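J.: Please see the structure below; I have some questions.
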Amino acid sequence: MIGGEAAPPRSSGYSLVPAKSIDDDTLIKFAAAVWPDRPPHDRILSSWWRRAEPACAVAAIHNATGTMAGLCGGRPSQWTIRGQTHPAVAISDWYVAPGHTGKLIGKRLVRQFDAPDRFMHAFSMSDDAIAYLKALGWVGPYSSRFMALPIPRLARMLHRAWARPGDFDLREHIVTEGKLPTELAAELEQIEARGSVGAPAHMCRGAAEWRWRLPMRAERTYRFCVAYAAGAPVGYVAVRRLTPGRIRQLGRIEGAFITDLVAGDPRVARALALRAVAIAAELRAAVALAATTTPAHVRALTKLGFLSPAWPLVGRLLARRAPQFMWAPRGPAAALTASDMAFTLADATIDFDL
């Protein structure tokens, strides 16, 4: 059983097994076959699903040769859709090796994560995965806004007076060793509860979500800033240092990820965006990166000088790198449209791997 369903019979020519059970050499050979021009191929050994539960990724093994033929990850979460909470899985890391395409392996892999009451979606995927998902009847793809701010320290100096100190009380937490502080956990729960009513469909971002994701990369340090209004937490931003060398276009340049920005009030979004830029500057990042589908967040980041796909020249590069999203239009998502959903980098497994 993988993801709650029985694996296909061996007579199909392929067996499905937890990807976490595959030995290192087999994984590296698979990576070399799928990405021959993207060394080092042993990078696959640090994939997020290797640190997650076995049910979070499935591999297809060719019975006759023992070769790994396919891979599919399923990032578990809970989603709030129209005020109701539903189990969800985001399809990721979905690849079929050359020589094994056209045999419905990709379809079988995805079906291991499907269930009638589950919100099935994907955020940040390859062109091949998009084609597969279209064939399965999924809606999309739709693009997020991928945004970049060069030299955050300069933007910080230019916008110091943008948010008045008395607007919101900003409280900060430094999260290390994959452990969620008790006070921050309580704040996240309150923010999620506050945002579950009348908000777009979104991944639940309470304490349970962060307790699950933080140990995935326990070596990292996250900087959280929580905004308070009238004595209650109303939003937060989470920023971390980008692992040098993980984005080829940046080389060894120091960067910062605005992993998450949660704020229903545009004024809160502006204050938190400004603080995120300040944190990126304190991390001595040469560039800060963010992705969002929320128009108010796009406006807040744009006002601070973030470049977006709307810019000439560099905009085309950002558009090509923008995470795209798709979903299966059934069950709790039967009536959803692209504008009904909110995504950030926290929804994408690239936050685990970059």
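Ordering of the structure tokens sets the chain letters (A, B, ...), residue numbers begin anew at 1 in every chain, and ligands are numbered from 1 in the order given.
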Extract the full set of helix (DSSP H, G or I) residues from segment 27-269 of chain A according to DSSP on the backbone, and format it as an MDAnalysis selection string.

T.: chainID A and resid 27:34 41:46 48:50 54:56 105:111 127:135 152:158 182:195 207:217 248:250 266:269

J.: Could you list, as a PyMOL selection string, every residue within 7 Å of segment 326-334 of chain A, counting only C-alpha atoms and ignoring same-chain residues fewer than 3 positions away?

T.: chain A and resi 116-117+119-123+137-142

J.: I'd like the neighbourhood of Arg118 of chain A as a PDB file with N, CA and C atoms, in the first residue's frame, where a residue qualifies if any of its atoms comes within 7 Å (using only C-alpha atoms), though same-chain residues fewer than 2 positions away should be ignored.

T.:
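Dumped to selection.pdb:
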ATOM      1  N   HIS A  86      -9.958  20.485   4.468  1.00  0.00           N
ATOM      2  CA  HIS A  86      -9.918  19.256   3.688  1.00  0.00           C
ATOM      3  C   HIS A  86      -8.482  18.740   3.609  1.00  0.00           C
ATOM      4  N   PRO A  87      -8.287  17.418   3.592  1.00  0.00           N
ATOM      5  CA  PRO A  87      -6.944  16.881   3.344  1.00  0.00           C
ATOM      6  C   PRO A  87      -6.516  17.208   1.922  1.00  0.00           C
ATOM      7  N   ALA A  88      -5.233  17.427   1.732  1.00  0.00           N
ATOM      8  CA  ALA A  88      -4.731  17.827   0.418  1.00  0.00           C
ATOM      9  C   ALA A  88      -3.371  17.191   0.162  1.00  0.00           C
ATOM     10  N   ASP A 114      -4.251   9.893  -4.869  1.00  0.00           N
ATOM     11  CA  ASP A 114      -5.607  10.390  -5.045  1.00  0.00           C
ATOM     12  C   ASP A 114      -6.579   9.742  -4.063  1.00  0.00           C
ATOM     13  N   ALA A 115      -7.602  10.498  -3.702  1.00  0.00           N
ATOM     14  CA  ALA A 115      -8.681  10.012  -2.834  1.00  0.00           C
ATOM     15  C   ALA A 115      -9.881  10.921  -3.059  1.00  0.00           C
ATOM     16  N   PRO A 116     -11.113  10.402  -2.910  1.00  0.00           N
ATOM     17  CA  PRO A 116     -12.307  11.191  -3.235  1.00  0.00           C
ATOM     18  C   PRO A 116     -12.423  12.509  -2.478  1.00  0.00           C
ATOM     19  N   MET A 120      -6.443  17.629  -4.678  1.00  0.00           N
ATOM     20  CA  MET A 120      -5.238  17.300  -5.430  1.00  0.00           C
ATOM     21  C   MET A 120      -4.806  18.516  -6.250  1.00  0.00           C
TER      22      MET A 120
END

J.: For Met68 of chain A, find every residue with an atom within 10 Å (counting only C-alpha atoms), except residues of its own chain fewer than 3 positions away, and show them as an NGL selection string.

T.: :A and (14-16 or 19 or 22 or 26-31 or 33 or 59-63 or 65 or 71 or 96-97 or 100)

J.: Give me the residues within 12 Å of Phe325 of chain A as a ChimeraX atom specification, counting only C-alpha atoms and dropping any in the same chain fewer than 4 places off.

T.: /A:90-92,120-127,129-130,133-134,138-145,291-293,337-339,341-345,347-348

J.: Set the distance at 8 Å and use only C-alpha atoms: which residues neighbour Ala227 of chain A once local chain neighbours fewer than 3 positions away are removed? I'd like the list as a PyMOL selection string.

T.: chain A and resi 168-171+233-236+268+272

J.: Here is a test: counting only C-alpha atoms, which residue of A:Val237, A:Ala55, A:Leu109, A:Leu354 is nearest to Phe224 of chain A?

T.: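 Using only C-alpha atoms, Phe224 of chain A sits closest to A:Val237.
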
J.: So that I can check the surroundings of Phe146 of chain A, please list as a PyMOL selection string every protein, DNA and RNA residue that reaches within 6 Å of it, counting only C-alpha atoms and ignoring chain neighbours fewer than 4 positions away.

T.: chain A and resi 290-291+318+322

J.: Please return, as number ranges by chain, all residues of segment 122-284 of chain A that DSSP assigns to strand (DSSP E) on the basis of the backbone.

T.: A: 122-123, 139-143, 145-150, 169-175, 202-203, 222-229, 232-242, 255-263

J.: Could you check how far atom CA of Trp48 of chain A sits from atom CA of Met216 of chain A, in Å to one decimal?

T.: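 Atom-to-atom, atom CA of Trp48 of chain A and atom CA of Met216 of chain A are spaced 6.5 Å apart.
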
J.: Identify which of the residues A:Pro40, A:Gly102, A:Pro323, A:Gly255 lies closest to Gly70 of chain A, counting only C-alpha atoms when measuring atom-to-atom distances.

T.: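 Selected residue with least distance to Gly70 of chain A: A:Gly102.
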